[in-house]
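Enquirer: Take this structure, written in structure tokens, and hold onto it; I'll ask about it next.
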There are 2 protein chains.
Amino acid sequence: MTDLKYKLLESHQRITPFIHRTPVLSSTLINEKAGAQVYFKCENFQKMGAFKMRGATNAILCLTDEQKAKGVVTHSSGNMAQAVSLGAKSQGIPAHIVMPQNAPQVKKDAVKDYGGIIHISGNHIAEREQLANKLIEEMGLSFIHPSNDLNVILGQGTAVVELLEERPNLDVILTPVGGGGLLAGSGIAAKELSSSCKIIAGEPERADDAYRSLKSGKIETNENYDTIADGLRTNLGDINFPIIQKYVDGIILVSEEEIVAAMRLIWERMKIIIEPSCAVPFAAVLKNKETFANQKIGIVLTGGNVDLSKLPF
Amino acid sequence: MTDLKYKLLESHQRITPFIHRTPVLSSTLINEKAGAQVYFKCENFQKMGAFKMRGATNAILCLTDEQKAKGVVTHSSGNMAQAVSLGAKSQGIPAHIVMPQNAPQVKKDAVKDYGGIIHISGNHIAEREQLANKLIEEMGLSFIHPSNDLNVILGQGTAVVELLEERPNLDVILTPVGGGGLLAGSGIAAKELSSSCKIIAGEPERADDAYRSLKSGKIETNENYDTIADGLRTNLGDINFPIIQKYVDGIILVSEEEIVAAMRLIWERMKIIIEPSCAVPFAAVLKNKETFANQKIGIVLTGGNVDLSKLPF
């Protein structure tokens with residue numbers, strides 16, 4: 001067994017008592033529309049409503065007792081904030097959360113519900129990082145990065161571990177790519193656990209930094225953050241990018257209209273609530289029906305935390 | 001075994017090959033809010049998105065071959081229209097659907113998708129019945145009533161058969177009440193299959209005909225149809241009312257605001273899409289926490305066919 005495969009399975013065992021085993025759902029009508037067999041790993045039903053519970057829990061459980069006692073801090077536009085809050089609460093330790101001013105109110109409320117201590121920063125990633133560093137210096141907190149941390153990456157990859165346990169014969173697995181944690185973890189899981197399963201990401205055209213990074217061979221950034229897929233506005237990091245370069249077979253770009261249409265199709269036909277971010281890989285499948293025709297496709301539905309007052313329909 | 005219990009179990013066996021066995025879901029956060037253990041029978045995941053698939057399928061399967069050949073007709077504000085269309089399609093027979101002008105566009109589209117032939121009537125129930133009768137006379141169609149037909153009633157009751165198979169120790173089961181088919185069928189199932197399980201309905205204050213009917217001992221009608229719970233605007237019938245009188249323990253009225261709040265809570269916390277109609281019984285639980293404190297409660301979530309362009313949030 002390779003070292004990474006061992007660490008992945010160890011992470012899965014570590015977090016299992018603290019997370020939900022989410023269902024894998026499919027729909028005849030969705031399959032007809034896609035011209036393929038699509039299996040959705042429903043992390044929208046995960047604790048706090050998103051896969052980030054996995055990575056946050058794994059990273060927190062890997063801390064020493066001394067580190068745990070001082071507490072943790074993260075910066076996040078939303079789901080990682082809730083995940084670290086709830087993960088820390090379940091271990092009885094304090095969680096400090098740096099959130100941008102423009103984070104959806106529903107996500108700020110959820111962080112408070114989960115016992116997180118909110119610190120508001122400016123909207124740019126650099127401003128969030130600055131405030132988080134200040135808190136680390138002042139209070140000796142341990143930083144849990146939303147995506148660029150190997151324990152977080154391995155934790156996120158456990159969703160694909162479970163998906164492949166239930167559907168071992170998948171031809172391809174798709175995830176969205178934002179900060180790169182889920183994609184890197186899913187890449188490790190897909191390639192270390194299956195000899196033939198491809199791994200592909202969907203990414204918004206309006207935040208196409210990962211697509212450009214794979215092309216150029218170095219981490220590119222976004223000038224424009226104006227996509228409805230609010231979870232995907234972040235950039236890759238120096239820990240997850242080499243993993244993505246090694247394991248990932250490709251990235252498909254989709255438009256805002258394609259994201260909303262895919263999201264609506266899942267809402268209407270499957271009767272489940274998903275965030276715009278996790279409609280992105282399904283939009284990529286619908287956009288490339290010839291490529292995926294008749295394949296067995298796994299898609300990680302990453303979360304269901306939407307602000308119902310601000311729907312795009 | 002009583003005759004009704006036998007017929008109920010026979011109906012379940014008859015329709016099982018043609019319907020989904022829907023999941024029973026629960027949520028820690030919902031249980032905390034309700035102060036009770038709530039088990040949701042998720043008929044929003046049923047074929048065509050609602051429990052009415054059960055009753056329609058049962059009624060169609062009970063027809064003679066000669067009747068099937070001529071086809072069926074129903075009138076419906078929505079879900080029964082889709083159920084009869086899809087049920088007829090699966091048996092290869094024609095379905096004629098009388099729909100009111102004000103039926104949601106999403107429901108008209110779905111009927112067409114399922115192969116139903118739409119005939120538009122006025123918005124009042126009497127106008128729908130008149131047009132259906134005309135079609136029956138002209139074409140020899142068999143009428144499938146949305147709620148006032150014993151085979152439909154028994155078909156609807158099979159959702160509670162499955163719920164009690166999974167959760168045999170429920171203290172009480174709640175359903176909404178509109179035309180009375182689901183409530184009558186659920187009453188038969190609850191009382192014939194369990195010695196102690198109560199059966200209670202939730203009903204909108206703005207369409208409180210069933211509540212008034214139980215009080216007066218005769219079928220009362222609604223003057224006002226102005227409730228967001230569009231599936232519950234219909235009246236009881238002479239076949240289901242005596243069953244409801246015999247089996248049902250009570251009806252709880254809820255306001256429009258309580259319906260929307262309960263609906264939103266289920267959307268936000270469970271990440272599933274439900275119609276306003278099926279938030280009504282959960283709203284009744286939230287309104288009467290003392291009555292239901294610490295009980296094991298089953299709730300039939302009746303459907304998930306909402307028009308996403310017209311949400312109340």
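Within each chain, counting starts at residue 1; across the structure tokens, chains are named A, B, ... in the order shown, with ligands numbered 1 upward in that order.
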Given only C-alpha atoms, how would the per-residue table for chain A near chain B read, listing every residue at most 9 Å away with its closest atom pair and distance in Å to one decimal, sorted by chain and number, as a tab-separated table?
Expert:
residue	atom	partner	partner_atom	distance
A:Asn44	CA	B:Lys271	CA	6.8
A:Phe45	CA	B:Lys271	CA	6.7
A:Met48	CA	B:Arg269	CA	8.7
A:Gly49	CA	B:Lys271	CA	7.8
A:Arg264	CA	B:Leu308	CA	8.2
A:Trp267	CA	B:Ile273	CA	7.3
A:Glu268	CA	B:Asn305	CA	7.4
A:Arg269	CA	B:Gly49	CA	8.1
A:Met270	CA	B:Phe45	CA	7.1
A:Lys271	CA	B:Ile273	CA	4.8
A:Ile272	CA	B:Ile272	CA	4.3
A:Ile273	CA	B:Lys271	CA	4.8
A:Ile274	CA	B:Lys271	CA	7.4
A:Gly304	CA	B:Lys271	CA	6.0
A:Asn305	CA	B:Glu268	CA	7.4
A:Val306	CA	B:Glu268	CA	7.9
A:Asp307	CA	B:Glu268	CA	8.6
A:Leu308	CA	B:Phe313	CA	6.3
A:Ser309	CA	B:Phe313	CA	5.5
A:Lys310	CA	B:Phe313	CA	8.7
A:Leu311	CA	B:Leu308	CA	9.0
A:Phe313	CA	B:Ser309	CA	5.5
Enquirer: I'd like the neighbourhood of stretch 276-278 of chain B as a ChimeraX atom specification, where a residue qualifies if any of its atoms comes within 9 Å (using only C-alpha atoms), though same-chain residues fewer than 3 positions away should be ignored.
Expert: /B:175-178,202-204,228-232,259-260,262-263,281-282,299-304,306
Enquirer: Just the strand (DSSP E or B) stuff from stretch 115-261 of chain B, please, per backbone DSSP, written as a PyMOL selection string.
Expert: chain B and resi 117-121+142-143+172-176+198-204+250-254
Enquirer: Hey, could you lay chain A over chain B with a least-squares C-alpha fit (all atoms, paired in order) and save it as an mmCIF file with C-alpha atoms, in the first residue's frame?
Expert:
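Result file follows (selection35.cif):
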data_model
loop_
_atom_site.group_PDB
_atom_site.id
_atom_site.type_symbol
_atom_site.label_atom_id
_atom_site.label_comp_id
_atom_site.auth_asym_id
_atom_site.auth_seq_id
_atom_site.Cartn_x
_atom_site.Cartn_y
_atom_site.Cartn_z
ATOM 1 C CA MET A 1 -57.275 -10.134 9.644
ATOM 2 C CA THR A 2 -59.983 -7.548 8.945
ATOM 3 C CA ASP A 3 -61.178 -7.066 5.400
ATOM 4 C CA LEU A 4 -59.736 -3.536 5.174
ATOM 5 C CA LYS A 5 -56.366 -4.627 6.526
ATOM 6 C CA TYR A 6 -56.261 -7.420 3.929
ATOM 7 C CA LYS A 7 -57.200 -5.026 1.117
ATOM 8 C CA LEU A 8 -54.550 -2.537 2.281
ATOM 9 C CA LEU A 9 -51.743 -5.101 2.289
ATOM 10 C CA GLU A 10 -52.970 -6.502 -1.026
ATOM 11 C CA SER A 11 -52.825 -2.973 -2.502
ATOM 12 C CA HIS A 12 -49.272 -2.565 -1.234
ATOM 13 C CA GLN A 13 -48.230 -5.809 -2.895
ATOM 14 C CA ARG A 14 -50.021 -4.825 -6.120
ATOM 15 C CA ILE A 15 -48.306 -1.459 -6.574
ATOM 16 C CA THR A 16 -44.839 -2.279 -5.206
ATOM 17 C CA PRO A 17 -43.322 -3.126 -8.639
ATOM 18 C CA PHE A 18 -44.436 0.256 -9.994
ATOM 19 C CA ILE A 19 -43.430 2.658 -7.198
ATOM 20 C CA HIS A 20 -40.314 3.689 -5.273
ATOM 21 C CA ARG A 21 -39.832 2.545 -1.708
ATOM 22 C CA THR A 22 -39.083 6.033 -0.361
ATOM 23 C CA PRO A 23 -36.653 6.659 2.503
ATOM 24 C CA VAL A 24 -37.571 7.622 6.071
ATOM 25 C CA LEU A 25 -35.323 10.524 7.093
ATOM 26 C CA SER A 26 -34.697 12.293 10.371
ATOM 27 C CA SER A 27 -32.530 15.204 11.532
ATOM 28 C CA THR A 28 -30.968 15.925 14.904
ATOM 29 C CA LEU A 29 -31.536 19.650 14.469
ATOM 30 C CA ILE A 30 -35.194 19.167 13.507
ATOM 31 C CA ASN A 31 -35.680 16.928 16.543
ATOM 32 C CA GLU A 32 -34.152 19.616 18.784
ATOM 33 C CA LYS A 33 -36.471 22.246 17.324
ATOM 34 C CA ALA A 34 -39.520 20.002 17.736
ATOM 35 C CA GLY A 35 -38.629 18.560 21.131
ATOM 36 C CA ALA A 36 -39.581 15.132 19.772
ATOM 37 C CA GLN A 37 -38.336 12.344 17.493
ATOM 38 C CA VAL A 38 -39.660 13.101 14.016
ATOM 39 C CA TYR A 39 -39.466 10.549 11.190
ATOM 40 C CA PHE A 40 -40.275 11.883 7.733
ATOM 41 C CA LYS A 41 -41.606 9.459 5.109
ATOM 42 C CA CYS A 42 -40.204 11.156 2.008
ATOM 43 C CA GLU A 43 -42.837 10.835 -0.700
ATOM 44 C CA ASN A 44 -41.276 13.900 -2.322
ATOM 45 C CA PHE A 45 -38.804 11.293 -3.638
ATOM 46 C CA GLN A 46 -41.660 9.127 -4.991
ATOM 47 C CA LYS A 47 -42.020 8.665 -8.771
ATOM 48 C CA MET A 48 -43.400 11.922 -10.274
ATOM 49 C CA GLY A 49 -42.574 13.559 -6.945
ATOM 50 C CA ALA A 50 -45.616 12.767 -4.769
ATOM 51 C CA PHE A 51 -47.510 10.033 -2.849
ATOM 52 C CA LYS A 52 -50.382 10.252 -5.355
ATOM 53 C CA MET A 53 -48.443 7.841 -7.562
ATOM 54 C CA ARG A 54 -49.512 5.157 -5.078
ATOM 55 C CA GLY A 55 -53.270 5.693 -5.244
ATOM 56 C CA ALA A 56 -53.338 6.308 -8.989
ATOM 57 C CA THR A 57 -51.341 3.164 -9.692
ATOM 58 C CA ASN A 58 -53.537 1.067 -7.411
ATOM 59 C CA ALA A 59 -56.757 2.316 -9.021
ATOM 60 C CA ILE A 60 -55.459 1.770 -12.568
ATOM 61 C CA LEU A 61 -54.253 -1.756 -11.777
ATOM 62 C CA CYS A 62 -57.734 -2.592 -10.451
ATOM 63 C CA LEU A 63 -59.412 -1.829 -13.815
ATOM 64 C CA THR A 64 -60.497 -4.583 -16.216
ATOM 65 C CA ASP A 65 -58.602 -5.022 -19.474
ATOM 66 C CA GLU A 66 -61.560 -3.576 -21.367
ATOM 67 C CA GLN A 67 -61.598 -0.480 -19.135
ATOM 68 C CA LYS A 68 -57.841 -0.059 -19.479
ATOM 69 C CA ALA A 69 -58.087 -0.154 -23.296
ATOM 70 C CA LYS A 70 -60.486 2.818 -23.360
ATOM 71 C CA GLY A 71 -58.324 4.871 -21.011
ATOM 72 C CA VAL A 72 -58.685 6.880 -17.815
ATOM 73 C CA VAL A 73 -59.545 10.448 -16.848
ATOM 74 C CA THR A 74 -59.058 12.523 -13.705
ATOM 75 C CA HIS A 75 -59.330 16.137 -12.642
ATOM 76 C CA SER A 76 -56.622 17.594 -10.446
ATOM 77 C CA SER A 77 -54.880 20.794 -9.443
ATOM 78 C CA GLY A 78 -51.610 19.056 -10.055
ATOM 79 C CA ASN A 79 -50.049 15.972 -8.498
ATOM 80 C CA MET A 80 -52.896 13.530 -9.216
ATOM 81 C CA ALA A 81 -52.742 14.682 -12.823
ATOM 82 C CA GLN A 82 -49.094 13.652 -13.046
ATOM 83 C CA ALA A 83 -49.710 10.456 -11.110
ATOM 84 C CA VAL A 84 -52.521 9.246 -13.387
ATOM 85 C CA SER A 85 -50.498 10.232 -16.476
ATOM 86 C CA LEU A 86 -47.420 8.291 -15.385
ATOM 87 C CA GLY A 87 -49.442 5.375 -13.942
ATOM 88 C CA ALA A 88 -51.367 5.041 -17.225
ATOM 89 C CA LYS A 89 -48.190 5.356 -19.288
ATOM 90 C CA SER A 90 -46.582 2.498 -17.357
ATOM 91 C CA GLN A 91 -49.595 0.298 -18.324
ATOM 92 C CA GLY A 92 -49.587 1.573 -21.928
ATOM 93 C CA ILE A 93 -53.050 3.176 -21.736
ATOM 94 C CA PRO A 94 -54.215 6.761 -22.502
ATOM 95 C CA ALA A 95 -54.740 9.281 -19.671
ATOM 96 C CA HIS A 96 -56.986 12.350 -20.061
ATOM 97 C CA ILE A 97 -56.365 15.067 -17.492
ATOM 98 C CA VAL A 98 -58.769 17.907 -16.651
ATOM 99 C CA MET A 99 -56.740 20.753 -15.108
ATOM 100 C CA PRO A 100 -57.869 24.159 -13.849
ATOM 101 C CA GLN A 101 -56.565 27.231 -15.645
ATOM 102 C CA ASN A 102 -54.686 28.358 -12.517
ATOM 103 C CA ALA A 103 -52.666 25.131 -12.104
ATOM 104 C CA PRO A 104 -48.918 25.877 -11.806
ATOM 105 C CA GLN A 105 -47.140 25.779 -15.178
ATOM 106 C CA VAL A 106 -44.550 23.351 -13.766
ATOM 107 C CA LYS A 107 -47.369 20.845 -13.151
ATOM 108 C CA LYS A 108 -48.899 21.287 -16.613
ATOM 109 C CA ASP A 109 -45.466 20.720 -18.175
ATOM 110 C CA ALA A 110 -44.946 17.595 -16.084
ATOM 111 C CA VAL A 111 -48.302 16.124 -17.185
ATOM 112 C CA LYS A 112 -47.275 16.615 -20.814
ATOM 113 C CA ASP A 113 -43.859 15.049 -20.100
ATOM 114 C CA TYR A 114 -45.611 11.978 -18.673
ATOM 115 C CA GLY A 115 -47.793 11.650 -21.778
ATOM 116 C CA GLY A 116 -51.070 12.914 -20.291
ATOM 117 C CA ILE A 117 -53.636 14.604 -22.603
ATOM 118 C CA ILE A 118 -54.602 17.929 -20.959
ATOM 119 C CA HIS A 119 -58.125 19.446 -21.055
ATOM 120 C CA ILE A 120 -58.353 22.911 -19.427
ATOM 121 C CA SER A 121 -61.447 23.723 -17.330
ATOM 122 C CA GLY A 122 -62.478 26.622 -15.112
ATOM 123 C CA ASN A 123 -60.857 26.941 -11.680
ATOM 124 C CA HIS A 124 -63.792 25.747 -9.574
ATOM 125 C CA ILE A 125 -64.091 22.071 -8.685
ATOM 126 C CA ALA A 126 -67.619 21.896 -10.176
ATOM 127 C CA GLU A 127 -66.268 23.053 -13.538
ATOM 128 C CA ARG A 128 -63.583 20.383 -13.513
ATOM 129 C CA GLU A 129 -66.095 17.667 -12.677
ATOM 130 C CA GLN A 130 -68.411 18.797 -15.467
ATOM 131 C CA LEU A 131 -65.702 18.569 -18.114
ATOM 132 C CA ALA A 132 -64.514 15.183 -16.821
ATOM 133 C CA ASN A 133 -68.098 13.834 -17.033
ATOM 134 C CA LYS A 134 -68.382 15.062 -20.601
ATOM 135 C CA LEU A 135 -65.216 13.178 -21.569
ATOM 136 C CA ILE A 136 -66.446 10.012 -19.811
ATOM 137 C CA GLU A 137 -69.716 10.107 -21.747
ATOM 138 C CA GLU A 138 -68.037 10.765 -25.072
ATOM 139 C CA MET A 139 -65.126 8.310 -24.818
ATOM 140 C CA GLY A 140 -66.111 5.663 -22.271
ATOM 141 C CA LEU A 141 -63.167 6.557 -20.026
ATOM 142 C CA SER A 142 -62.811 5.251 -16.464
ATOM 143 C CA PHE A 143 -62.753 8.022 -13.900
ATOM 144 C CA ILE A 144 -59.950 7.973 -11.314
ATOM 145 C CA HIS A 145 -61.037 10.292 -8.511
ATOM 146 C CA PRO A 146 -58.094 12.056 -6.803
ATOM 147 C CA SER A 147 -59.286 11.123 -3.313
ATOM 148 C CA ASN A 148 -62.821 9.723 -3.067
ATOM 149 C CA ASP A 149 -62.240 6.163 -4.324
ATOM 150 C CA LEU A 150 -61.478 3.192 -2.101
ATOM 151 C CA ASN A 151 -58.664 1.866 -4.312
ATOM 152 C CA VAL A 152 -57.064 5.316 -4.373
ATOM 153 C CA ILE A 153 -57.474 5.608 -0.589
ATOM 154 C CA LEU A 154 -55.870 2.188 -0.010
ATOM 155 C CA GLY A 155 -53.045 3.044 -2.408
ATOM 156 C CA GLN A 156 -52.261 6.263 -0.523
ATOM 157 C CA GLY A 157 -52.322 4.312 2.762
ATOM 158 C CA THR A 158 -49.373 2.193 1.607
ATOM 159 C CA ALA A 159 -46.958 5.032 2.450
ATOM 160 C CA VAL A 160 -47.893 4.514 6.108
ATOM 161 C CA VAL A 161 -47.621 0.715 5.690
ATOM 162 C CA GLU A 162 -43.952 1.241 4.782
ATOM 163 C CA LEU A 163 -43.402 3.867 7.466
ATOM 164 C CA LEU A 164 -44.683 1.489 10.167
ATOM 165 C CA GLU A 165 -42.566 -1.357 8.786
ATOM 166 C CA GLU A 166 -39.494 0.792 9.410
ATOM 167 C CA ARG A 167 -40.688 2.509 12.609
ATOM 168 C CA PRO A 168 -43.250 0.200 14.273
ATOM 169 C CA ASN A 169 -43.245 2.086 17.585
ATOM 170 C CA LEU A 170 -44.552 5.458 16.455
ATOM 171 C CA ASP A 171 -46.832 7.230 18.936
ATOM 172 C CA VAL A 172 -48.552 9.303 16.268
ATOM 173 C CA ILE A 173 -48.603 9.777 12.501
ATOM 174 C CA LEU A 174 -49.500 13.103 10.898
ATOM 175 C CA THR A 175 -50.518 13.822 7.313
ATOM 176 C CA PRO A 176 -52.030 16.855 5.627
ATOM 177 C CA VAL A 177 -55.708 16.740 4.669
ATOM 178 C CA GLY A 178 -57.062 18.097 1.407
ATOM 179 C CA GLY A 179 -59.450 15.820 -0.466
ATOM 180 C CA GLY A 180 -59.116 13.237 2.299
ATOM 181 C CA GLY A 181 -57.659 10.270 0.377
ATOM 182 C CA LEU A 182 -54.281 10.227 2.073
ATOM 183 C CA LEU A 183 -55.737 10.875 5.519
ATOM 184 C CA ALA A 184 -58.329 8.093 5.163
ATOM 185 C CA GLY A 185 -55.753 5.627 3.831
ATOM 186 C CA SER A 186 -53.239 6.582 6.519
ATOM 187 C CA GLY A 187 -55.958 6.199 9.158
ATOM 188 C CA ILE A 188 -56.720 2.663 7.985
ATOM 189 C CA ALA A 189 -53.006 1.807 7.962
ATOM 190 C CA ALA A 190 -52.235 3.349 11.360
ATOM 191 C CA LYS A 191 -55.185 1.800 13.170
ATOM 192 C CA GLU A 192 -55.275 -1.598 11.438
ATOM 193 C CA LEU A 193 -51.500 -2.165 11.699
ATOM 194 C CA SER A 194 -50.770 -0.669 15.136
ATOM 195 C CA SER A 195 -52.700 -1.020 18.369
ATOM 196 C CA SER A 196 -51.543 2.298 19.793
ATOM 197 C CA CYS A 197 -50.551 4.713 16.999
ATOM 198 C CA LYS A 198 -52.682 7.852 16.767
ATOM 199 C CA ILE A 199 -53.453 9.544 13.452
ATOM 200 C CA ILE A 200 -53.789 13.325 13.227
ATOM 201 C CA ALA A 201 -54.066 15.700 10.277
ATOM 202 C CA GLY A 202 -52.715 19.187 9.772
ATOM 203 C CA GLU A 203 -54.919 21.564 7.781
ATOM 204 C CA PRO A 204 -54.526 25.220 6.705
ATOM 205 C CA GLU A 205 -56.763 27.667 8.618
ATOM 206 C CA ARG A 206 -57.656 29.112 5.218
ATOM 207 C CA ALA A 207 -59.043 25.772 3.938
ATOM 208 C CA ASP A 208 -60.428 24.289 7.152
ATOM 209 C CA ASP A 209 -63.304 22.269 5.681
ATOM 210 C CA ALA A 210 -62.121 18.914 7.088
ATOM 211 C CA TYR A 211 -61.778 20.399 10.601
ATOM 212 C CA ARG A 212 -65.312 21.775 10.422
ATOM 213 C CA SER A 213 -66.620 18.526 8.892
ATOM 214 C CA LEU A 214 -65.311 16.424 11.808
ATOM 215 C CA LYS A 215 -66.998 18.865 14.228
ATOM 216 C CA SER A 216 -70.362 19.049 12.471
ATOM 217 C CA GLY A 217 -70.538 15.405 11.399
ATOM 218 C CA LYS A 218 -71.234 16.269 7.761
ATOM 219 C CA ILE A 219 -69.052 17.267 4.805
ATOM 220 C CA GLU A 220 -68.385 21.020 4.908
ATOM 221 C CA THR A 221 -66.903 22.952 1.998
ATOM 222 C CA ASN A 222 -64.471 25.849 1.603
ATOM 223 C CA GLU A 223 -65.645 29.270 0.496
ATOM 224 C CA ASN A 224 -62.055 30.475 0.402
ATOM 225 C CA TYR A 225 -59.273 28.656 -1.483
ATOM 226 C CA ASP A 226 -56.547 31.202 -0.754
ATOM 227 C CA THR A 227 -53.870 29.062 0.918
ATOM 228 C CA ILE A 228 -50.263 28.543 -0.177
ATOM 229 C CA ALA A 229 -50.865 24.818 0.394
ATOM 230 C CA ASP A 230 -52.295 24.425 -3.103
ATOM 231 C CA GLY A 231 -52.719 20.663 -2.792
ATOM 232 C CA LEU A 232 -55.158 21.083 0.113
ATOM 233 C CA ARG A 233 -57.838 23.252 -1.457
ATOM 234 C CA THR A 234 -60.221 20.354 -2.196
ATOM 235 C CA ASN A 235 -63.099 18.976 -0.099
ATOM 236 C CA LEU A 236 -63.755 15.600 1.528
ATOM 237 C CA GLY A 237 -65.891 12.986 -0.220
ATOM 238 C CA ASP A 238 -68.639 10.565 0.809
ATOM 239 C CA ILE A 239 -66.309 7.540 0.635
ATOM 240 C CA ASN A 240 -63.340 8.915 2.582
ATOM 241 C CA PHE A 241 -65.286 10.986 5.141
ATOM 242 C CA PRO A 242 -66.791 8.022 7.060
ATOM 243 C CA ILE A 243 -63.330 6.408 7.172
ATOM 244 C CA ILE A 244 -61.838 9.659 8.521
ATOM 245 C CA GLN A 245 -64.639 9.896 11.109
ATOM 246 C CA LYS A 246 -63.936 6.355 12.257
ATOM 247 C CA TYR A 247 -60.126 6.341 12.335
ATOM 248 C CA VAL A 248 -58.787 9.888 12.742
ATOM 249 C CA ASP A 249 -57.996 11.277 16.214
ATOM 250 C CA GLY A 250 -58.004 14.956 15.354
ATOM 251 C CA ILE A 251 -57.190 17.818 13.009
ATOM 252 C CA ILE A 252 -54.894 20.745 13.880
ATOM 253 C CA LEU A 253 -55.217 24.074 12.046
ATOM 254 C CA VAL A 254 -52.174 26.168 11.125
ATOM 255 C CA SER A 255 -51.701 29.630 9.653
ATOM 256 C CA GLU A 256 -50.048 30.527 6.352
ATOM 257 C CA GLU A 257 -47.043 31.952 8.241
ATOM 258 C CA GLU A 258 -46.660 28.728 10.217
ATOM 259 C CA ILE A 259 -46.756 26.677 6.986
ATOM 260 C CA VAL A 260 -44.046 28.779 5.324
ATOM 261 C CA ALA A 261 -41.842 28.714 8.447
ATOM 262 C CA ALA A 262 -42.116 24.911 8.737
ATOM 263 C CA MET A 263 -41.422 24.520 5.024
ATOM 264 C CA ARG A 264 -38.352 26.735 5.263
ATOM 265 C CA LEU A 265 -37.029 24.828 8.292
ATOM 266 C CA ILE A 266 -37.217 21.530 6.394
ATOM 267 C CA TRP A 267 -35.581 23.036 3.291
ATOM 268 C CA GLU A 268 -32.753 24.647 5.270
ATOM 269 C CA ARG A 269 -32.040 21.884 7.734
ATOM 270 C CA MET A 270 -32.802 18.721 5.777
ATOM 271 C CA LYS A 271 -31.749 20.017 2.332
ATOM 272 C CA ILE A 272 -34.784 18.472 0.680
ATOM 273 C CA ILE A 273 -37.453 20.128 -1.438
ATOM 274 C CA ILE A 274 -41.015 19.791 -0.187
ATOM 275 C CA GLU A 275 -44.279 21.384 -1.271
ATOM 276 C CA PRO A 276 -46.060 23.846 1.032
ATOM 277 C CA SER A 277 -48.861 21.278 1.494
ATOM 278 C CA CYS A 278 -46.591 18.794 3.221
ATOM 279 C CA ALA A 279 -45.144 21.355 5.613
ATOM 280 C CA VAL A 280 -48.624 21.601 7.165
ATOM 281 C CA PRO A 281 -48.403 18.590 9.549
ATOM 282 C CA PHE A 282 -44.897 19.574 10.658
ATOM 283 C CA ALA A 283 -46.201 23.092 11.300
ATOM 284 C CA ALA A 284 -48.910 21.476 13.459
ATOM 285 C CA VAL A 285 -46.229 19.724 15.539
ATOM 286 C CA LEU A 286 -44.196 22.924 16.008
ATOM 287 C CA LYS A 287 -47.373 24.745 17.054
ATOM 288 C CA ASN A 288 -48.223 22.148 19.727
ATOM 289 C CA LYS A 289 -44.884 21.219 21.232
ATOM 290 C CA GLU A 290 -46.367 20.352 24.643
ATOM 291 C CA THR A 291 -48.823 17.880 23.094
ATOM 292 C CA PHE A 292 -46.109 16.098 21.137
ATOM 293 C CA ALA A 293 -43.202 16.467 23.609
ATOM 294 C CA ASN A 294 -40.758 13.532 23.450
ATOM 295 C CA GLN A 295 -43.086 11.478 21.248
ATOM 296 C CA LYS A 296 -42.073 9.360 18.282
ATOM 297 C CA ILE A 297 -43.787 11.105 15.384
ATOM 298 C CA GLY A 298 -44.177 9.950 11.796
ATOM 299 C CA ILE A 299 -44.928 12.597 9.163
ATOM 300 C CA VAL A 300 -45.761 11.858 5.534
ATOM 301 C CA LEU A 301 -43.956 14.438 3.369
ATOM 302 C CA THR A 302 -46.419 14.248 0.534
ATOM 303 C CA GLY A 303 -44.582 15.794 -2.405
ATOM 304 C CA GLY A 304 -41.822 17.956 -3.830
ATOM 305 C CA ASN A 305 -43.351 19.461 -6.965
ATOM 306 C CA VAL A 306 -42.921 23.186 -6.426
ATOM 307 C CA ASP A 307 -42.582 25.950 -8.985
ATOM 308 C CA LEU A 308 -39.094 27.251 -8.201
ATOM 309 C CA SER A 309 -39.967 30.580 -9.815
ATOM 310 C CA LYS A 310 -42.683 31.188 -7.204
ATOM 311 C CA LEU A 311 -41.162 30.383 -3.822
ATOM 312 C CA PRO A 312 -42.539 32.050 -0.675
ATOM 313 C CA PHE A 313 -39.087 32.907 0.729
#
Enquirer: As a PyMOL selection string, which residues of stretch 199-250 of chain A does DSSP assign to alpha helix (DSSP H)?
Expert: chain A and resi 209-216+240-247
